[in-house]
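Asker: Right, I'll just put the structure down here and ask away after.
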Amino acid sequence: MKNNTMNIWKILIKGLVYLAMFGLFIGFVLFLNKSAQEETVEEMTWKPEAVQGIPEGWELVCENQNLELYFEPSLVQLRVKDKATGVEWRSNPENAAEDAVAFGQNKTRVQSLLELSYADDQSNFFTANSFAESVQADTYTYEYGDDGVYVNLQFAKQGFEIPCFFGIRDDRLVARIFSEQIQQHGNLQVTSIAFLPYFGAGSGEEEGYLLVPDGSGALIYFNNQKQTYQPYSQKVYGRNLALNVQSNLLNTQNATMPVFGIQKGQDTLLAVITEGEYQTEIKAEIAGRLTANNAVYSNALFIQSEYNTLLSGSDNEESVVMLSPQHNQFSYYEVSYFFLEENSGYNGMASRYRQYLIEEKGMQQTAGEAQKSVNLTFLGGVEVSKTLLGVPYRAVKKLTSFAELKDTVLELQKEAGNSFQINMRYLEKDSSMSMMPTKLTYEGVLGGAKRV
């Protein structure tokens, strides 16, 4: 009887051991499965970390020793922070949705990364922006990479897909449109894309200017109250002379360089079109015309258009628009945005562009180039008509006085030594008259002979 009892206890103990071992095995399997699931979930839901000081919703995409790039997925907007200056540059103005000037399509345009122009088979032109047609319609996708963020903007109504990339390299933001990968469905064709039209834009309350490559360069000052003027628009390297275009009343020169820039308060931005510049326009607009912002940007052209008159002078005269075949001349269209030191101004922009040409385009400084003389022309005054008691008379309006010219020359000597030549127009009295001068008489409004 005793042996039977011992055997029963041995069997029970042995069963409990086996049961405990089985329980441990099941628990271990469940632990491994749970860990694998947690790891999978973590991989699937990974997002760039939120950073202190950046508003909620913005995510750090990538950074280097100079810059940090942030992305707002719900708005599809960008923010770049310059580590050296602490300045942040945005793809769209802050509180763009509350723009007091913009209405209609401009209300969503100011919140967009790009504006699309397209044409139908009857050569009718239309526009659509990415915020209204892709972001609000929730027809976009994005993907983070080590070097930036890839965004595919789908315009479902128009049948277009525009793949883009935004990343940082060295001291710049690199923005690309993958031209060869643009998808077009139906009979509509992309004619042009205004790229980052409000990147770095200045508000109506800020002071600053826009740099445009009109000739050797020109400045458009913020809030200059010239809303009734046509906005600046110039083809890089000049227009295609083989095409007939509508008359342009603007007095402009060819855009000789694929660059533009913004000086906003103490902050300076230079943009260089680094790929596809041959098929590009530079455009600028001031606050109060379309939106409450001063902006300059590039417009990539994919179709050229010209205007022709058929049966001119007859009762059947008709104006028609002719479109060129669509051409994506480059695999991608690219603009680089350089963030400069505080108060760099247009001199800093010129210096950074020269550095770009030397380091990345192979431009070489010829021997003795630094010692070459620079020719500078100043306009002393212009002739205007005035009246006194109803009697008209000639007067001179001062533009540059002799004292101002002297101060400028002294300042230039500090910077460039004597490697410049000065020419001053309209310094002599009656210099606009068609007569042979017999002696030199200086304009009194400019300072007279004593100030020469």
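Identifiers for the structure tokens are assigned positionally: chains receive A, B, ... in sequence, residues are indexed from 1 per chain, and ligands are indexed from 1 in the order shown.
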Excluding same-chain residues fewer than 6 positions from A:Phe178, what lies within 7 Å of it counting only C-alpha atoms, as a PyMOL selection string?
Answerer: chain A and resi 163-164+331-333
Asker: Quick one: write out the picked residues with C-alpha atoms as a PDB file, in the first residue's frame?
Answerer:
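Result file is selection38.pdb:
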ATOM      1  CA  PRO A 163       6.616  63.627 -58.140  1.00  0.00           C
ATOM      2  CA  CYS A 164       8.865  65.958 -56.128  1.00  0.00           C
ATOM      3  CA  SER A 331      15.303  64.165 -66.079  1.00  0.00           C
ATOM      4  CA  TYR A 332      14.556  66.519 -63.206  1.00  0.00           C
ATOM      5  CA  TYR A 333      14.084  70.219 -62.621  1.00  0.00           C
TER       6      TYR A 333
END
Asker: Compile the contact shell of A:Gln326 as a PyMOL selection string: residues with an atom at most 12 Å away, counting only C-alpha atoms, same-chain residues fewer than 2 positions apart removed.
Answerer: chain A and resi 118-119+179-180+182+184+188-192+279+301-305+323-324+328-329
Asker: Which is closer to A:Asn92 than all the others in A:Tyr150, A:Phe338, A:Tyr278, A:Phe195, using only C-alpha atoms?
Answerer: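 Among the listed residues, the smallest separation from A:Asn92 belongs to A:Phe195.
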Asker: Residues within 7 Å of A:Ile162, please, as a list in words. Count only C-alpha atoms; anything in the same chain fewer than 5 positions from it doesn't count.
Answerer: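 My list of contacting residues is Asn152, Leu153, Gln154, Ile182 and Gln183 of chain A.
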Asker: Got a sec to tell me which of stretch 166-368 of chain A DSSP assigns to strand (DSSP E), as a PyMOL selection string?
Answerer: chain A and resi 166-169+172-177+183-184+189-195+202-203+208-212+218-221+232-235+259-264+267-275+280-285+293-301+305-310+318-323+333-339
Asker: Got time to write the residues from that selection, C-alpha atoms, as a PDB file, in the first residue's frame?
Answerer:
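File produced: out.pdb:
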ATOM      1  CA  PHE A 166      12.923  68.132 -50.953  1.00  0.00           C
ATOM      2  CA  GLY A 167      16.199  67.589 -49.097  1.00  0.00           C
ATOM      3  CA  ILE A 168      19.212  69.391 -47.653  1.00  0.00           C
ATOM      4  CA  ARG A 169      22.842  69.301 -48.755  1.00  0.00           C
ATOM      5  CA  ARG A 172      21.191  74.546 -49.168  1.00  0.00           C
ATOM      6  CA  LEU A 173      17.715  73.150 -49.616  1.00  0.00           C
ATOM      7  CA  VAL A 174      17.455  71.086 -52.798  1.00  0.00           C
ATOM      8  CA  ALA A 175      13.985  71.072 -54.411  1.00  0.00           C
ATOM      9  CA  ARG A 176      13.279  68.874 -57.443  1.00  0.00           C
ATOM     10  CA  ILE A 177      10.482  68.001 -59.825  1.00  0.00           C
ATOM     11  CA  GLN A 183       2.163  61.175 -65.310  1.00  0.00           C
ATOM     12  CA  GLN A 184      -0.513  62.619 -67.600  1.00  0.00           C
ATOM     13  CA  GLN A 189      -1.097  68.627 -70.997  1.00  0.00           C
ATOM     14  CA  VAL A 190       1.124  70.308 -68.432  1.00  0.00           C
ATOM     15  CA  THR A 191       2.379  73.616 -69.834  1.00  0.00           C
ATOM     16  CA  SER A 192       4.284  74.993 -66.822  1.00  0.00           C
ATOM     17  CA  ILE A 193       4.818  74.520 -63.089  1.00  0.00           C
ATOM     18  CA  ALA A 194       5.380  77.414 -60.679  1.00  0.00           C
ATOM     19  CA  PHE A 195       7.673  75.795 -58.099  1.00  0.00           C
ATOM     20  CA  GLY A 202       8.006  88.538 -47.012  1.00  0.00           C
ATOM     21  CA  SER A 203       4.807  89.922 -45.522  1.00  0.00           C
ATOM     22  CA  GLY A 208      13.267  94.008 -47.617  1.00  0.00           C
ATOM     23  CA  TYR A 209      13.577  93.436 -51.337  1.00  0.00           C
ATOM     24  CA  LEU A 210      13.485  90.802 -54.062  1.00  0.00           C
ATOM     25  CA  LEU A 211      16.495  90.229 -56.313  1.00  0.00           C
ATOM     26  CA  VAL A 212      15.652  89.477 -59.961  1.00  0.00           C
ATOM     27  CA  ALA A 218      17.686  94.539 -60.171  1.00  0.00           C
ATOM     28  CA  LEU A 219      15.914  94.985 -56.836  1.00  0.00           C
ATOM     29  CA  ILE A 220      12.166  95.090 -56.257  1.00  0.00           C
ATOM     30  CA  TYR A 221      11.483  96.567 -52.832  1.00  0.00           C
ATOM     31  CA  TYR A 232       7.890  90.856 -63.190  1.00  0.00           C
ATOM     32  CA  SER A 233       8.217  87.862 -65.521  1.00  0.00           C
ATOM     33  CA  GLN A 234      11.301  87.141 -67.566  1.00  0.00           C
ATOM     34  CA  LYS A 235      12.602  84.094 -69.411  1.00  0.00           C
ATOM     35  CA  VAL A 259      19.195  83.228 -59.954  1.00  0.00           C
ATOM     36  CA  PHE A 260      16.857  85.160 -57.698  1.00  0.00           C
ATOM     37  CA  GLY A 261      16.909  86.119 -54.043  1.00  0.00           C
ATOM     38  CA  ILE A 262      15.189  87.583 -51.016  1.00  0.00           C
ATOM     39  CA  GLN A 263      16.481  89.994 -48.381  1.00  0.00           C
ATOM     40  CA  LYS A 264      13.942  90.017 -45.523  1.00  0.00           C
ATOM     41  CA  ASP A 267      17.885  87.462 -43.350  1.00  0.00           C
ATOM     42  CA  THR A 268      19.168  86.609 -46.821  1.00  0.00           C
ATOM     43  CA  LEU A 269      18.213  83.837 -49.232  1.00  0.00           C
ATOM     44  CA  LEU A 270      19.717  83.072 -52.646  1.00  0.00           C
ATOM     45  CA  ALA A 271      18.060  80.659 -55.085  1.00  0.00           C
ATOM     46  CA  VAL A 272      19.903  79.142 -58.054  1.00  0.00           C
ATOM     47  CA  ILE A 273      18.183  77.063 -60.736  1.00  0.00           C
ATOM     48  CA  THR A 274      20.708  74.237 -60.906  1.00  0.00           C
ATOM     49  CA  GLU A 275      18.956  71.992 -63.467  1.00  0.00           C
ATOM     50  CA  THR A 280      12.493  78.563 -66.952  1.00  0.00           C
ATOM     51  CA  GLU A 281      10.930  81.928 -66.178  1.00  0.00           C
ATOM     52  CA  ILE A 282      11.663  84.069 -63.120  1.00  0.00           C
ATOM     53  CA  LYS A 283       8.543  85.667 -61.660  1.00  0.00           C
ATOM     54  CA  ALA A 284       8.024  88.175 -58.855  1.00  0.00           C
ATOM     55  CA  GLU A 285       5.018  89.782 -57.188  1.00  0.00           C
ATOM     56  CA  ASN A 293       3.136  88.636 -49.564  1.00  0.00           C
ATOM     57  CA  ASN A 294       6.201  89.718 -51.526  1.00  0.00           C
ATOM     58  CA  ALA A 295       7.496  86.707 -53.434  1.00  0.00           C
ATOM     59  CA  VAL A 296       9.920  85.667 -56.166  1.00  0.00           C
ATOM     60  CA  TYR A 297      10.088  82.190 -57.695  1.00  0.00           C
ATOM     61  CA  SER A 298      10.788  80.090 -60.780  1.00  0.00           C
ATOM     62  CA  ASN A 299       8.307  78.778 -63.328  1.00  0.00           C
ATOM     63  CA  ALA A 300       9.383  75.665 -65.259  1.00  0.00           C
ATOM     64  CA  LEU A 301       8.110  75.661 -68.857  1.00  0.00           C
ATOM     65  CA  SER A 305       3.165  78.986 -76.874  1.00  0.00           C
ATOM     66  CA  GLU A 306       2.958  81.668 -79.553  1.00  0.00           C
ATOM     67  CA  TYR A 307       0.227  83.975 -80.807  1.00  0.00           C
ATOM     68  CA  ASN A 308      -0.568  84.294 -84.515  1.00  0.00           C
ATOM     69  CA  THR A 309      -3.118  86.270 -86.538  1.00  0.00           C
ATOM     70  CA  LEU A 310      -4.820  84.475 -89.418  1.00  0.00           C
ATOM     71  CA  GLU A 318      -8.679  85.560 -86.121  1.00  0.00           C
ATOM     72  CA  SER A 319      -6.069  85.281 -83.380  1.00  0.00           C
ATOM     73  CA  VAL A 320      -4.925  81.784 -82.511  1.00  0.00           C
ATOM     74  CA  VAL A 321      -2.557  80.259 -79.969  1.00  0.00           C
ATOM     75  CA  MET A 322      -0.078  77.679 -81.214  1.00  0.00           C
ATOM     76  CA  LEU A 323       1.494  75.198 -78.789  1.00  0.00           C
ATOM     77  CA  TYR A 333      14.084  70.219 -62.621  1.00  0.00           C
ATOM     78  CA  GLU A 334      16.029  71.532 -59.621  1.00  0.00           C
ATOM     79  CA  VAL A 335      16.301  74.723 -57.591  1.00  0.00           C
ATOM     80  CA  SER A 336      18.824  75.134 -54.755  1.00  0.00           C
ATOM     81  CA  TYR A 337      18.096  77.604 -51.948  1.00  0.00           C
ATOM     82  CA  PHE A 338      21.194  78.918 -50.147  1.00  0.00           C
ATOM     83  CA  PHE A 339      20.839  80.422 -46.670  1.00  0.00           C
TER      84      PHE A 339
END
Asker: Rounded to one decimal in Å, what is the spacing between atom CA of A:Leu113 and atom CA of A:Asp99?
Answerer: 16.3 Å
Asker: Residues near A:Gly145, anyone? I mean within 10 Å using only C-alpha atoms, not counting same-chain ones fewer than 3 positions away, as a list of chain:residue names.
Answerer: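 These residues fall inside the cut-off: A:Val61, A:Cys62, A:Tyr142, A:Gly148, A:Val149, A:Tyr150, A:Phe165, A:Gly167.
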Asker: Just to be explicit: take each residue in the selection above, keep N, CA and C atoms, and write the result as a PDB file, in the first residue's frame.
Answerer:
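Full text of part-v5.pdb as output:
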ATOM      1  N   VAL A  61      12.822  65.775 -40.612  1.00  0.00           N
ATOM      2  CA  VAL A  61      13.075  64.795 -41.667  1.00  0.00           C
ATOM      3  C   VAL A  61      14.545  64.413 -41.715  1.00  0.00           C
ATOM      4  N   CYS A  62      15.422  65.408 -41.730  1.00  0.00           N
ATOM      5  CA  CYS A  62      16.857  65.150 -41.790  1.00  0.00           C
ATOM      6  C   CYS A  62      17.587  66.429 -41.382  1.00  0.00           C
ATOM      7  N   TYR A 142       3.557  60.588 -49.449  1.00  0.00           N
ATOM      8  CA  TYR A 142       4.895  61.061 -49.116  1.00  0.00           C
ATOM      9  C   TYR A 142       5.678  59.922 -48.471  1.00  0.00           C
ATOM     10  N   GLY A 148      15.919  63.308 -47.293  1.00  0.00           N
ATOM     11  CA  GLY A 148      14.832  64.262 -47.443  1.00  0.00           C
ATOM     12  C   GLY A 148      13.481  63.575 -47.506  1.00  0.00           C
ATOM     13  N   VAL A 149      12.528  64.257 -48.111  1.00  0.00           N
ATOM     14  CA  VAL A 149      11.169  63.725 -48.218  1.00  0.00           C
ATOM     15  C   VAL A 149      10.741  63.725 -49.683  1.00  0.00           C
ATOM     16  N   TYR A 150      10.151  62.610 -50.103  1.00  0.00           N
ATOM     17  CA  TYR A 150       9.631  62.444 -51.453  1.00  0.00           C
ATOM     18  C   TYR A 150       8.113  62.632 -51.402  1.00  0.00           C
ATOM     19  N   PHE A 165      10.849  66.104 -54.780  1.00  0.00           N
ATOM     20  CA  PHE A 165      11.773  65.759 -53.694  1.00  0.00           C
ATOM     21  C   PHE A 165      12.256  67.043 -53.044  1.00  0.00           C
ATOM     22  N   GLY A 167      15.164  68.050 -50.012  1.00  0.00           N
ATOM     23  CA  GLY A 167      16.199  67.589 -49.097  1.00  0.00           C
ATOM     24  C   GLY A 167      17.231  68.668 -48.857  1.00  0.00           C
TER      25      GLY A 167
END
Asker: Kindly indicate which residue among A:Asn187, A:Ser314, A:Gln111, A:Asn106 lies nearest to A:Leu78, using only C-alpha atoms for the distances.
Answerer: A:Gln111
Asker: Record the distance separating atom CA of A:Asn375 and atom CA of A:Gln253, expressed in Å with one decimal.
Answerer: 19.5 Å
Asker: Which is closer to A:Phe103 than all the others in A:Thr291, A:Thr400, A:Gln365, A:Thr85, using only C-alpha atoms?
Answerer: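 Counting only C-alpha atoms, the residue closest to A:Phe103 is A:Thr291.
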Asker: Kindly give the distance, in Å, that separates atom CA of A:Glu359 and atom CA of A:Gly345, rounded to a single decimal.
Answerer: 21.3 Å
Asker: Counting only C-alpha atoms, what is within 12 Å of stretch 384-388 of chain A, bar same-chain residues fewer than 4 positions away, as a PDB file with all heavy atoms, in the first residue's frame?
Answerer:
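File produced: result_17.pdb:
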ATOM      1  N   PRO A 392       5.837 127.903 -68.120  1.00  0.00           N
ATOM      2  CA  PRO A 392       6.661 126.705 -68.012  1.00  0.00           C
ATOM      3  C   PRO A 392       8.151 127.041 -68.055  1.00  0.00           C
ATOM      4  O   PRO A 392       8.568 127.990 -68.721  1.00  0.00           O
ATOM      5  CB  PRO A 392       6.256 125.890 -69.242  1.00  0.00           C
ATOM      6  CG  PRO A 392       5.774 126.886 -70.227  1.00  0.00           C
ATOM      7  CD  PRO A 392       5.150 127.991 -69.420  1.00  0.00           C
ATOM      8  N   TYR A 393       8.913 126.285 -67.326  1.00  0.00           N
ATOM      9  CA  TYR A 393      10.353 126.450 -67.371  1.00  0.00           C
ATOM     10  C   TYR A 393      11.028 125.107 -67.123  1.00  0.00           C
ATOM     11  O   TYR A 393      10.412 124.166 -66.632  1.00  0.00           O
ATOM     12  CB  TYR A 393      10.830 127.488 -66.347  1.00  0.00           C
ATOM     13  CG  TYR A 393      10.698 127.048 -64.897  1.00  0.00           C
ATOM     14  CD1 TYR A 393      11.781 126.504 -64.217  1.00  0.00           C
ATOM     15  CD2 TYR A 393       9.492 127.194 -64.211  1.00  0.00           C
ATOM     16  CE1 TYR A 393      11.678 126.115 -62.888  1.00  0.00           C
ATOM     17  CE2 TYR A 393       9.374 126.808 -62.893  1.00  0.00           C
ATOM     18  CZ  TYR A 393      10.458 126.267 -62.238  1.00  0.00           C
ATOM     19  OH  TYR A 393      10.356 125.864 -60.918  1.00  0.00           O
ATOM     20  N   ARG A 394      12.310 125.043 -67.466  1.00  0.00           N
ATOM     21  CA  ARG A 394      13.101 123.822 -67.326  1.00  0.00           C
ATOM     22  C   ARG A 394      13.739 123.782 -65.945  1.00  0.00           C
ATOM     23  O   ARG A 394      14.215 124.796 -65.442  1.00  0.00           O
ATOM     24  CB  ARG A 394      14.193 123.789 -68.394  1.00  0.00           C
ATOM     25  CG  ARG A 394      15.290 122.772 -68.158  1.00  0.00           C
ATOM     26  CD  ARG A 394      16.506 123.109 -68.999  1.00  0.00           C
ATOM     27  NE  ARG A 394      17.659 122.316 -68.594  1.00  0.00           N
ATOM     28  CZ  ARG A 394      18.452 122.601 -67.586  1.00  0.00           C
ATOM     29  NH1 ARG A 394      18.220 123.656 -66.838  1.00  0.00           N
ATOM     30  NH2 ARG A 394      19.490 121.827 -67.308  1.00  0.00           N
ATOM     31  N   ALA A 395      13.746 122.588 -65.339  1.00  0.00           N
ATOM     32  CA  ALA A 395      14.395 122.404 -64.044  1.00  0.00           C
ATOM     33  C   ALA A 395      15.077 121.047 -64.022  1.00  0.00           C
ATOM     34  O   ALA A 395      14.800 120.178 -64.857  1.00  0.00           O
ATOM     35  CB  ALA A 395      13.382 122.515 -62.906  1.00  0.00           C
ATOM     36  N   VAL A 396      15.983 120.884 -63.079  1.00  0.00           N
ATOM     37  CA  VAL A 396      16.715 119.630 -62.941  1.00  0.00           C
ATOM     38  C   VAL A 396      16.369 118.992 -61.600  1.00  0.00           C
ATOM     39  O   VAL A 396      16.430 119.660 -60.560  1.00  0.00           O
ATOM     40  CB  VAL A 396      18.246 119.848 -63.042  1.00  0.00           C
ATOM     41  CG1 VAL A 396      18.990 118.541 -62.752  1.00  0.00           C
ATOM     42  CG2 VAL A 396      18.600 120.355 -64.425  1.00  0.00           C
ATOM     43  N   LYS A 397      15.990 117.746 -61.638  1.00  0.00           N
ATOM     44  CA  LYS A 397      15.732 116.988 -60.413  1.00  0.00           C
ATOM     45  C   LYS A 397      16.979 116.186 -60.060  1.00  0.00           C
ATOM     46  O   LYS A 397      17.484 115.420 -60.867  1.00  0.00           O
ATOM     47  CB  LYS A 397      14.543 116.040 -60.605  1.00  0.00           C
ATOM     48  CG  LYS A 397      14.205 115.252 -59.358  1.00  0.00           C
ATOM     49  CD  LYS A 397      12.982 114.371 -59.594  1.00  0.00           C
ATOM     50  CE  LYS A 397      12.641 113.590 -58.327  1.00  0.00           C
ATOM     51  NZ  LYS A 397      11.457 112.719 -58.539  1.00  0.00           N
ATOM     52  N   LYS A 398      17.475 116.397 -58.854  1.00  0.00           N
ATOM     53  CA  LYS A 398      18.716 115.750 -58.428  1.00  0.00           C
ATOM     54  C   LYS A 398      18.505 114.256 -58.212  1.00  0.00           C
ATOM     55  O   LYS A 398      17.541 113.828 -57.588  1.00  0.00           O
ATOM     56  CB  LYS A 398      19.223 116.378 -57.129  1.00  0.00           C
ATOM     57  CG  LYS A 398      20.538 115.819 -56.633  1.00  0.00           C
ATOM     58  CD  LYS A 398      20.790 116.163 -55.168  1.00  0.00           C
ATOM     59  CE  LYS A 398      19.904 115.314 -54.277  1.00  0.00           C
ATOM     60  NZ  LYS A 398      20.220 115.459 -52.839  1.00  0.00           N
ATOM     61  N   SER A 432      21.776 118.826 -71.550  1.00  0.00           N
ATOM     62  CA  SER A 432      20.859 118.134 -72.446  1.00  0.00           C
ATOM     63  C   SER A 432      20.568 118.940 -73.700  1.00  0.00           C
ATOM     64  O   SER A 432      19.891 118.466 -74.601  1.00  0.00           O
ATOM     65  CB  SER A 432      19.537 117.837 -71.719  1.00  0.00           C
ATOM     66  OG  SER A 432      18.897 119.047 -71.367  1.00  0.00           O
TER      67      SER A 432
END
